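Next comes structure15.tsv, a file with TSV, C-alpha atoms.
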chain	number	residue	atom	x	y	z
A	730	MET	CA	116.85	193.88	151.63
A	731	THR	CA	119.29	194.93	154.30
A	732	HIS	CA	122.95	195.41	153.48
A	733	ASN	CA	124.44	192.15	154.56
A	734	ASP	CA	126.78	189.53	153.21
A	735	ILE	CA	124.16	188.25	150.76
A	736	ASP	CA	123.75	191.62	149.10
A	737	GLU	CA	127.49	192.17	149.11
A	738	LEU	CA	128.04	188.79	147.44
A	739	ILE	CA	125.43	189.58	144.80
A	740	ARG	CA	127.06	192.95	144.17
A	741	LEU	CA	130.51	191.38	143.77
A	742	PHE	CA	129.36	188.50	141.57
A	743	SER	CA	127.43	190.89	139.31
A	744	LYS	CA	130.76	192.61	138.50
A	745	LEU	CA	132.16	189.45	136.92
A	746	PRO	CA	132.15	189.25	133.11
A	747	GLY	CA	128.99	187.65	131.74
A	748	LEU	CA	127.05	188.06	134.97
A	749	GLY	CA	124.44	190.69	135.76
A	750	PRO	CA	122.37	191.33	138.90
A	751	ARG	CA	119.87	188.57	138.04
A	752	SER	CA	122.42	185.84	137.30
A	753	ALA	CA	124.49	186.95	140.29
A	754	ARG	CA	121.45	186.38	142.54
A	755	ARG	CA	121.04	182.92	141.03
A	756	VAL	CA	124.71	182.15	141.63
A	757	VAL	CA	124.56	183.29	145.25
A	758	LEU	CA	121.42	181.23	145.94
A	759	HIS	CA	123.13	178.22	144.39
A	760	LEU	CA	126.21	178.77	146.54
A	761	VAL	CA	124.27	179.19	149.78
A	762	ARG	CA	122.43	175.95	149.07
A	763	GLN	CA	125.71	174.13	148.59
A	764	LYS	CA	127.80	175.57	151.39
A	765	GLU	CA	129.91	172.47	151.97
A	766	ASN	CA	130.36	171.28	148.39
A	767	LEU	CA	130.88	174.55	146.60
A	768	MET	CA	130.83	177.75	148.65
A	769	SER	CA	133.44	176.68	151.15
A	770	PRO	CA	135.92	175.26	148.58
A	771	LEU	CA	135.44	178.37	146.43
A	772	ALA	CA	136.19	180.70	149.35
A	773	LYS	CA	139.28	178.71	150.33
A	774	THR	CA	140.63	178.43	146.78
A	775	LEU	CA	140.10	182.15	146.13
A	776	GLU	CA	141.89	183.01	149.37
A	777	SER	CA	144.78	180.70	148.51
A	778	ALA	CA	144.96	181.82	144.87
A	779	ILE	CA	145.38	185.46	145.89
A	780	ASP	CA	148.69	184.53	147.52
A	781	THR	CA	149.93	181.83	145.17
A	782	ILE	CA	149.10	183.06	141.67
A	783	ARG	CA	151.86	185.14	140.10
A	784	THR	CA	152.85	186.29	136.62
A	785	CYS	CA	155.72	184.35	135.04
A	786	SER	CA	158.67	186.75	134.63
A	787	HIS	CA	159.70	184.96	131.41
A	788	CYS	CA	156.51	184.75	129.38
A	789	GLY	CA	153.68	186.55	131.23
A	790	ASN	CA	151.73	183.35	131.93
A	791	LEU	CA	149.93	183.01	135.26
A	792	ASP	CA	151.01	180.19	137.52
A	793	THR	CA	151.81	179.34	141.11
A	794	ILE	CA	155.52	179.11	140.27
A	795	ASP	CA	157.90	181.53	138.53
A	796	PRO	CA	159.15	180.61	135.93
A	797	CYS	CA	155.80	179.01	135.09
A	798	HIS	CA	155.46	175.28	134.46
A	799	ILE	CA	155.70	175.83	130.70
A	800	CYS	CA	158.90	177.92	130.87
A	801	SER	CA	160.47	175.50	133.35
A	802	ASP	CA	159.48	172.36	131.40
A	803	GLY	CA	162.73	170.98	129.96
A	804	LYS	CA	160.82	168.89	127.43
A	805	ARG	CA	159.43	171.97	125.71
A	806	ASP	CA	161.44	173.51	122.91
A	807	PRO	CA	162.87	176.90	124.02
A	808	SER	CA	163.73	177.81	120.42
A	809	VAL	CA	160.08	178.32	119.37
A	810	ILE	CA	158.00	181.08	120.97
A	811	CYS	CA	154.31	181.47	120.32
A	812	VAL	CA	153.24	185.09	120.88
A	813	VAL	CA	149.64	185.52	122.05
A	814	GLU	CA	147.55	188.54	123.03
A	815	GLU	CA	146.02	187.22	126.23
A	816	LEU	CA	146.37	184.36	128.66
A	817	ALA	CA	143.07	182.93	127.40
A	818	ASP	CA	144.73	182.50	123.98
A	819	LEU	CA	147.62	180.61	125.60
A	820	TRP	CA	145.11	178.30	127.26
A	821	ALA	CA	143.30	177.81	123.94
A	822	ILE	CA	146.51	176.76	122.16
A	823	GLU	CA	147.48	174.47	125.06
A	824	ARG	CA	144.09	172.77	124.77
A	825	CYS	CA	144.74	171.76	121.16
A	826	ASN	CA	147.75	169.80	122.48
A	827	LEU	CA	149.94	170.34	119.43
A	828	PHE	CA	152.38	173.05	120.39
A	829	ARG	CA	155.50	171.98	122.31
A	830	GLY	CA	157.37	175.30	122.34
A	831	ARG	CA	157.06	178.20	124.75
A	832	TYR	CA	154.85	181.28	124.92
A	833	HIS	CA	154.93	185.00	125.25
A	834	VAL	CA	151.80	186.80	126.48
A	835	LEU	CA	151.58	190.39	125.22
A	836	GLY	CA	148.74	191.42	127.52
A	837	GLY	CA	146.69	193.04	124.75
A	838	THR	CA	147.11	194.66	121.34
A	839	LEU	CA	148.30	197.96	120.02
A	840	SER	CA	145.28	200.23	119.74
A	841	ALA	CA	145.15	203.82	118.62
A	842	ILE	CA	141.57	204.19	119.85
A	843	ASP	CA	142.35	202.94	123.36
A	844	ASP	CA	145.69	204.77	123.36
A	845	ARG	CA	147.70	201.58	123.88
A	846	GLY	CA	151.20	201.83	122.47
A	847	PRO	CA	154.12	199.35	122.52
A	848	ALA	CA	155.18	200.55	125.99
A	849	GLN	CA	151.89	199.36	127.51
A	850	LEU	CA	152.42	195.83	126.20
A	851	ASN	CA	154.83	193.08	127.21
A	852	ILE	CA	156.90	193.69	124.05
A	853	GLU	CA	160.36	194.71	125.30
A	854	PRO	CA	160.86	191.40	127.16
A	855	LEU	CA	159.99	189.56	123.92
A	856	VAL	CA	162.65	191.57	122.04
A	857	GLU	CA	165.14	190.75	124.81
A	858	ARG	CA	164.27	187.03	124.66
A	859	SER	CA	164.71	187.07	120.86
A	860	ALA	CA	168.04	188.90	121.11
A	861	ARG	CA	169.54	186.21	123.37
A	862	GLY	CA	170.03	183.90	120.34
A	863	GLU	CA	168.30	180.87	121.82
A	864	VAL	CA	165.09	181.54	119.88
A	865	LYS	CA	164.86	180.36	116.26
A	866	GLU	CA	161.17	180.76	115.44
A	867	ILE	CA	158.46	183.18	116.50
A	868	ILE	CA	154.83	182.28	115.81
A	869	LEU	CA	152.64	185.38	115.89
A	870	ALA	CA	149.32	183.98	117.14
A	871	THR	CA	147.49	187.26	117.62
A	872	ASN	CA	143.78	187.39	116.81
A	873	ALA	CA	142.63	187.75	113.19
A	874	THR	CA	141.29	191.22	114.01
A	875	LEU	CA	142.50	194.57	112.75
A	876	GLU	CA	144.27	195.26	116.04
A	877	GLY	CA	145.71	191.77	116.33
A	878	GLN	CA	147.14	191.98	112.82
A	879	THR	CA	148.48	195.49	113.39
A	880	THR	CA	150.29	194.23	116.48
A	881	ALA	CA	151.68	191.28	114.53
A	882	HIS	CA	152.99	193.62	111.82
A	883	TYR	CA	154.60	195.87	114.42
A	884	LEU	CA	156.30	192.85	115.97
A	885	THR	CA	157.73	191.68	112.62
A	886	THR	CA	159.44	195.06	112.20
A	887	ARG	CA	160.74	195.00	115.78
A	888	LEU	CA	162.11	191.48	115.37
A	889	ALA	CA	163.38	191.90	111.80
A	890	SER	CA	167.02	192.54	112.82
A	891	PHE	CA	167.36	189.15	114.53
A	892	ASN	CA	167.97	186.01	112.50
A	893	LEU	CA	164.51	184.52	113.18
A	894	SER	CA	161.90	182.71	111.21
A	895	ILE	CA	158.64	184.54	111.88
A	896	SER	CA	155.34	182.81	111.06
A	897	ARG	CA	151.66	183.44	111.64
A	898	LEU	CA	148.62	181.17	112.01
A	899	ALA	CA	146.99	179.99	108.77
A	900	GLN	CA	143.71	181.68	107.82
A	901	GLY	CA	140.93	179.84	106.02
A	902	ILE	CA	137.72	177.89	106.44
A	903	PRO	CA	137.16	176.70	110.01
A	904	MET	CA	136.72	172.96	110.65
A	905	GLY	CA	133.13	172.00	109.81
A	906	GLY	CA	132.52	175.39	108.20
A	907	GLU	CA	129.84	175.61	105.52
A	908	LEU	CA	130.72	177.95	102.67
A	909	ASP	CA	127.21	179.37	102.50
A	910	TYR	CA	127.44	180.68	106.04
A	911	LEU	CA	131.00	182.01	105.92
A	912	ASP	CA	131.69	185.73	105.74
A	913	ASP	CA	133.14	187.04	102.46
A	914	GLY	CA	136.46	187.95	104.05
A	915	THR	CA	137.18	184.44	105.30
A	916	LEU	CA	136.06	182.83	102.04
A	917	GLY	CA	138.17	185.26	100.01
A	918	ALA	CA	141.23	184.62	102.18
A	919	ALA	CA	140.73	180.85	101.89
A	920	LEU	CA	140.47	181.13	98.12
A	921	LYS	CA	143.62	183.25	97.82
A	922	ALA	CA	145.55	180.87	100.09
A	923	ARG	CA	144.31	177.74	98.28
A	924	LEU	CA	146.57	174.68	98.51
A	925	PRO	CA	147.37	171.94	95.99
A	926	PHE	CA	145.21	168.85	96.57
B	815	MET	CA	147.81	172.86	132.43
B	816	THR	CA	148.95	171.61	135.82
B	817	HIS	CA	146.51	171.15	138.64
B	818	ASN	CA	146.89	174.32	140.61
B	819	ASP	CA	144.70	176.99	142.15
B	820	ILE	CA	143.85	178.46	138.74
B	821	ASP	CA	142.45	175.19	137.43
B	822	GLU	CA	140.65	174.54	140.68
B	823	LEU	CA	139.05	178.01	140.53
B	824	ILE	CA	137.96	177.42	136.93
B	825	ARG	CA	136.50	174.05	137.91
B	826	LEU	CA	134.55	175.53	140.82
B	827	PHE	CA	133.28	178.54	138.89
B	828	SER	CA	132.13	176.33	136.02
B	829	LYS	CA	129.79	174.56	138.46
B	830	LEU	CA	127.83	177.76	139.09
B	831	PRO	CA	124.51	178.14	137.28
B	832	GLY	CA	124.85	179.90	133.94
B	833	LEU	CA	128.61	179.40	133.76
B	834	GLY	CA	130.46	176.80	131.70
B	835	PRO	CA	134.18	176.07	131.34
B	836	ARG	CA	134.72	178.93	128.89
B	837	SER	CA	132.93	181.62	130.89
B	838	ALA	CA	134.55	180.29	134.09
B	839	ARG	CA	137.96	180.86	132.52
B	840	ARG	CA	136.95	184.38	131.60
B	841	VAL	CA	135.75	185.02	135.15
B	842	VAL	CA	138.97	183.69	136.69
B	843	LEU	CA	141.14	185.79	134.35
B	844	HIS	CA	139.07	188.83	135.27
B	845	LEU	CA	139.47	188.08	138.97
B	846	VAL	CA	143.23	187.55	138.78
B	847	ARG	CA	143.60	190.88	136.97
B	848	GLN	CA	141.65	192.63	139.73
B	849	LYS	CA	143.06	191.01	142.83
B	850	GLU	CA	142.66	194.02	145.09
B	851	ASN	CA	139.33	195.36	143.85
B	852	LEU	CA	137.40	192.17	143.31
B	853	MET	CA	139.13	188.88	144.08
B	854	SER	CA	140.11	189.75	147.63
B	855	PRO	CA	136.70	191.22	148.64
B	856	LEU	CA	134.96	188.24	147.05
B	857	ALA	CA	137.09	185.74	148.97
B	858	LYS	CA	136.53	187.59	152.24
B	859	THR	CA	132.79	188.01	151.76
B	860	LEU	CA	132.35	184.33	150.82
B	861	GLU	CA	134.32	183.28	153.89
B	862	SER	CA	132.25	185.54	156.12
B	863	ALA	CA	128.94	184.57	154.50
B	864	ILE	CA	129.54	180.87	155.16
B	865	ASP	CA	129.43	181.61	158.88
B	866	THR	CA	126.84	184.37	159.00
B	867	ILE	CA	124.12	183.30	156.55
B	868	ARG	CA	121.42	181.13	158.07
B	869	THR	CA	117.89	180.09	157.21
B	870	CYS	CA	115.13	181.93	159.09
B	871	SER	CA	113.37	179.40	161.33
B	872	HIS	CA	110.06	181.24	160.78
B	873	CYS	CA	109.80	181.67	157.03
B	874	GLY	CA	112.75	179.96	155.34
B	875	ASN	CA	114.33	183.23	154.18
B	876	LEU	CA	118.12	183.53	154.20
B	877	ASP	CA	119.62	186.21	156.40
B	878	THR	CA	122.39	186.91	158.83
B	879	ILE	CA	119.89	187.02	161.70
B	880	ASP	CA	117.21	184.53	162.82
B	881	PRO	CA	114.32	185.46	162.73
B	882	CYS	CA	115.22	187.25	159.49
B	883	HIS	CA	114.87	191.02	159.11
B	884	ILE	CA	111.43	190.58	157.50
B	885	CYS	CA	110.03	188.35	160.25
B	886	SER	CA	111.46	190.58	162.97
B	887	ASP	CA	110.27	193.82	161.36
B	888	GLY	CA	107.44	195.09	163.59
B	889	LYS	CA	106.16	197.37	160.84
B	890	ARG	CA	105.30	194.41	158.61
B	891	ASP	CA	101.86	192.88	158.94
B	892	PRO	CA	102.13	189.39	160.51
B	893	SER	CA	98.53	188.56	159.50
B	894	VAL	CA	99.38	188.27	155.77
B	895	ILE	CA	101.72	185.56	154.54
B	896	CYS	CA	102.94	185.38	150.96
B	897	VAL	CA	103.89	181.80	150.08
B	898	VAL	CA	106.67	181.50	147.46
B	899	GLU	CA	108.51	178.57	145.92
B	900	GLU	CA	112.03	179.84	146.19
B	901	LEU	CA	114.02	182.59	147.84
B	902	ALA	CA	114.51	184.20	144.42
B	903	ASP	CA	110.72	184.70	144.29
B	904	LEU	CA	110.76	186.39	147.70
B	905	TRP	CA	113.47	188.75	146.43
B	906	ALA	CA	111.42	189.43	143.28
B	907	ILE	CA	108.34	190.39	145.30
B	908	GLU	CA	110.45	192.51	147.68
B	909	ARG	CA	111.83	194.39	144.68
B	910	CYS	CA	108.35	195.51	143.59
B	911	ASN	CA	108.08	197.26	146.96
B	912	LEU	CA	104.34	196.73	147.40
B	913	PHE	CA	103.99	193.88	149.84
B	914	ARG	CA	104.19	194.72	153.54
B	915	GLY	CA	103.31	191.31	154.98
B	916	ARG	CA	105.53	188.35	155.71
B	917	TYR	CA	106.72	185.38	153.67
B	918	HIS	CA	106.93	181.63	153.67
B	919	VAL	CA	109.49	179.96	151.41
B	920	LEU	CA	108.48	176.43	150.38
B	921	GLY	CA	111.85	175.47	148.93
B	922	GLY	CA	110.36	174.06	145.73
B	923	THR	CA	107.17	172.55	144.36
B	924	LEU	CA	105.42	169.23	144.56
B	925	SER	CA	106.60	167.14	141.64
B	926	ALA	CA	105.64	163.59	140.77
B	927	ILE	CA	108.44	163.37	138.19
B	928	ASP	CA	111.15	164.44	140.64
B	929	ASP	CA	109.52	162.45	143.43
B	930	ARG	CA	109.06	165.52	145.66
B	931	GLY	CA	106.13	165.14	148.05
B	932	PRO	CA	104.82	167.47	150.77
B	933	ALA	CA	107.33	166.08	153.28
B	934	GLN	CA	110.25	167.39	151.20
B	935	LEU	CA	108.89	170.92	151.25
B	936	ASN	CA	108.66	173.51	154.00
B	937	ILE	CA	104.87	172.92	154.29
B	938	GLU	CA	104.30	171.69	157.86
B	939	PRO	CA	105.74	174.89	159.39
B	940	LEU	CA	103.31	176.89	157.19
B	941	VAL	CA	100.38	174.83	158.51
B	942	GLU	CA	101.61	175.42	162.06
B	943	ARG	CA	101.94	179.17	161.45
B	944	SER	CA	98.40	179.25	160.02
B	945	ALA	CA	97.00	177.25	162.96
B	946	ARG	CA	98.27	179.79	165.48
B	947	GLY	CA	95.41	182.15	164.62
B	948	GLU	CA	97.55	185.23	164.00
B	949	VAL	CA	97.37	184.79	160.23
B	950	LYS	CA	94.33	186.11	158.34
B	951	GLU	CA	95.37	185.92	154.70
B	952	ILE	CA	97.58	183.60	152.69
B	953	ILE	CA	98.72	184.70	149.22
B	954	LEU	CA	99.81	181.72	147.16
B	955	ALA	CA	102.51	183.24	144.93
B	956	THR	CA	103.78	180.04	143.35
B	957	ASN	CA	104.84	180.12	139.70
B	958	ALA	CA	102.21	179.94	136.96
B	959	THR	CA	103.57	176.52	135.95
B	960	LEU	CA	101.87	173.17	136.21
B	961	GLU	CA	103.89	172.26	139.29
B	962	GLY	CA	103.47	175.65	140.90
B	963	GLN	CA	99.70	175.52	140.47
B	964	THR	CA	99.53	171.91	141.70
B	965	THR	CA	101.41	172.97	144.82
B	966	ALA	CA	99.04	175.92	145.30
B	967	HIS	CA	96.01	173.61	145.02
B	968	TYR	CA	97.50	171.20	147.54
B	969	LEU	CA	98.08	174.07	149.95
B	970	THR	CA	94.46	175.29	149.68
B	971	THR	CA	93.25	171.83	150.76
B	972	ARG	CA	95.76	171.69	153.61
B	973	LEU	CA	94.79	175.16	154.84
B	974	ALA	CA	91.03	174.81	154.23
B	975	SER	CA	90.20	173.96	157.86
B	976	PHE	CA	91.54	177.25	159.19
B	977	ASN	CA	89.52	180.42	158.93
B	978	LEU	CA	91.75	182.08	156.33
B	979	SER	CA	91.30	184.09	153.20
B	980	ILE	CA	93.44	182.40	150.55
B	981	SER	CA	94.32	184.30	147.38
B	982	ARG	CA	96.58	183.86	144.39
B	983	LEU	CA	98.37	186.25	142.03
B	984	ALA	CA	96.33	187.62	139.14
B	985	GLN	CA	97.06	186.14	135.71
B	986	GLY	CA	96.83	188.15	132.52
B	987	ILE	CA	98.73	190.24	130.02
B	988	PRO	CA	102.14	191.33	131.30
B	989	MET	CA	102.95	195.04	131.43
B	990	GLY	CA	103.93	196.22	127.95
B	991	GLY	CA	102.77	192.93	126.45
B	992	GLU	CA	101.70	192.94	122.81
B	993	LEU	CA	98.74	190.67	122.08
B	994	ASP	CA	100.25	189.45	118.82
B	995	TYR	CA	103.26	188.01	120.62
B	996	LEU	CA	101.43	186.48	123.61
B	997	ASP	CA	100.94	182.75	123.91
B	998	ASP	CA	97.36	181.49	123.54
B	999	GLY	CA	97.17	180.35	127.18
B	1000	THR	CA	97.94	183.77	128.61
B	1001	LEU	CA	95.62	185.55	126.19
B	1002	GLY	CA	92.81	183.09	126.93
B	1003	ALA	CA	93.28	183.49	130.68
B	1004	ALA	CA	93.30	187.28	130.36
B	1005	LEU	CA	90.10	187.15	128.32
B	1006	LYS	CA	88.32	184.89	130.80
B	1007	ALA	CA	89.43	187.06	133.74
B	1008	ARG	CA	88.44	190.34	131.99
B	1009	LEU	CA	87.62	193.24	134.28
B	1010	PRO	CA	85.03	196.05	133.95
B	1011	PHE	CA	86.61	199.24	132.56

Can you turn what I pasted into structure tokens?
Amino acid sequence: MTHNDIDELIRLFSKLPGLGPRSARRVVLHLVRQKENLMSPLAKTLESAIDTIRTCSHCGNLDTIDPCHICSDGKRDPSVICVVEELADLWAIERCNLFRGRYHVLGGTLSAIDDRGPAQLNIEPLVERSARGEVKEIILATNATLEGQTTAHYLTTRLASFNLSISRLAQGIPMGGELDYLDDGTLGAALKARLPF
Amino acid sequence: MTHNDIDELIRLFSKLPGLGPRSARRVVLHLVRQKENLMSPLAKTLESAIDTIRTCSHCGNLDTIDPCHICSDGKRDPSVICVVEELADLWAIERCNLFRGRYHVLGGTLSAIDDRGPAQLNIEPLVERSARGEVKEIILATNATLEGQTTAHYLTTRLASFNLSISRLAQGIPMGGELDYLDDGTLGAALKARLPF
């Protein structure tokens, strides 16, 4: 193969998460076959998104406006902030269509192994938002991993001096979960946190 | 989520083979985080590829030149044509670096179920190429599937009137294959086609 646009496209697509050289070739073939329907819109949207997408200066969300549409939505409660690790988590919570407060995207977790301290995360702006007095509740929706929980604990100490109610997501059996297939940790946590029927 | 460039990108990426809504979101997040290194080159290369990539009028290969670099390569033997179903197959054979002839891409297989007859495939140009007298051997490298083999059989009847040697790929045990894990069909075929040691 010569070094042309096809090879360059394959090389670029194979750098995307979840794609390797083989799936990248399949993607490029699919695109070339659908120039009008798919390749052309994709090229145009990518080009446009490079200019329009920006990080919300309030919460760290990505949007084409700043403040983002969540932070600038008057119908959403500014007194409740849901703190998430990554933008994907924000999207996940938005999809469940239950939360009507605002967000704060940390951009990762504290991690001793990866040498990520509080300064590398979007934590100071959260402390500033909490200090302004408008916020009444903080929901720490970090992942149920060691690093997610460590970050949540760090945040509770940082936010302890403000008069806030701090909560975290409930842990237990997932919807449709069968006890036989659950890991011991989850089952143990669900048992400890059992609720009156 | 509002309908903006981010959602549009996720929608477009989720239409690519092997990607769904979840992996498309992951891809878009990855791209937005690497605007300079990945998103921008990808947008530019896609834009450029739309204009430059064309189908070779000789063999059906995709390239930025027509005839493609294989058809216009004087060092490659024009008397041997390897017939493949799809461009991905051409790339696969090129990767094994053994074949120094030329190609013919059919663009699919005959299929009664999908109502694909000879007219829907790139077959007439192959017959014309064979009729010109320059070609001496045709290698039918269609897949070892029912449809691939049906297509190969159809081609042998179509090309029978020309003075050509027609061959097909050997079938047997794949490299590194363990007999215990092979399907009965492959093992049977390998046994029938056994070779003197």

6 Å contacts from chain A to chain B using all atoms listed in the file, as JSON, numbers by chain
{"A": [734, 745, 746, 756, 772, 775, 776, 778]}

note - CA of Asn851 in chain A and CA of Gln900 in chain A are separated by 25.1 Å

Quick one: everything within 10 Å of Leu983 in chain B, counting only C-alpha atoms, minus sequence neighbours fewer than 3 positions away in the same chain. Send it as number ranges by chain. B: 953-958, 986

Arg861 in chain A: which residues within 12 Å, counting all atoms listed in the file, same-chain residues fewer than 6 positions away excluded, as a list in words?
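Here the qualifying residues turn out to be Pro807, Ser808, Pro854, Leu855, Phe891, Asn892 and Leu893 of chain A.
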
Quick one: write out the picked residues with C-alpha atoms as a JSON list (two decimals), in the frame of the given file?
[["chain", "number", "residue", "atom", "x", "y", "z"],
["A", 807, "PRO", "CA", 162.87, 176.90, 124.02],
["A", 808, "SER", "CA", 163.73, 177.81, 120.42],
["A", 854, "PRO", "CA", 160.86, 191.40, 127.16],
["A", 855, "LEU", "CA", 159.99, 189.56, 123.92],
["A", 891, "PHE", "CA", 167.36, 189.15, 114.53],
["A", 892, "ASN", "CA", 167.97, 186.01, 112.50],
["A", 893, "LEU", "CA", 164.51, 184.52, 113.18]]

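Comparing the minimum interatomic distances between Leu960 in chain B and each of B:Leu935, B:Leu973, B:Leu993, B:Leu924, counting all atoms listed in the file, we find that B:Leu924 sits nearest.
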
Query raised in the report: If you measure from CA of Asp903 in chain B to CA of Ala974 in chain B, what distance in Å do you get, rounded to one decimal?
Result: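 According to the coordinates, CA of Asp903 in chain B and CA of Ala974 in chain B are separated by 24.2 Å.
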
Atom pair CA of Gly836 in chain A + CA of Leu819 in chain A, distance 11.0 Å
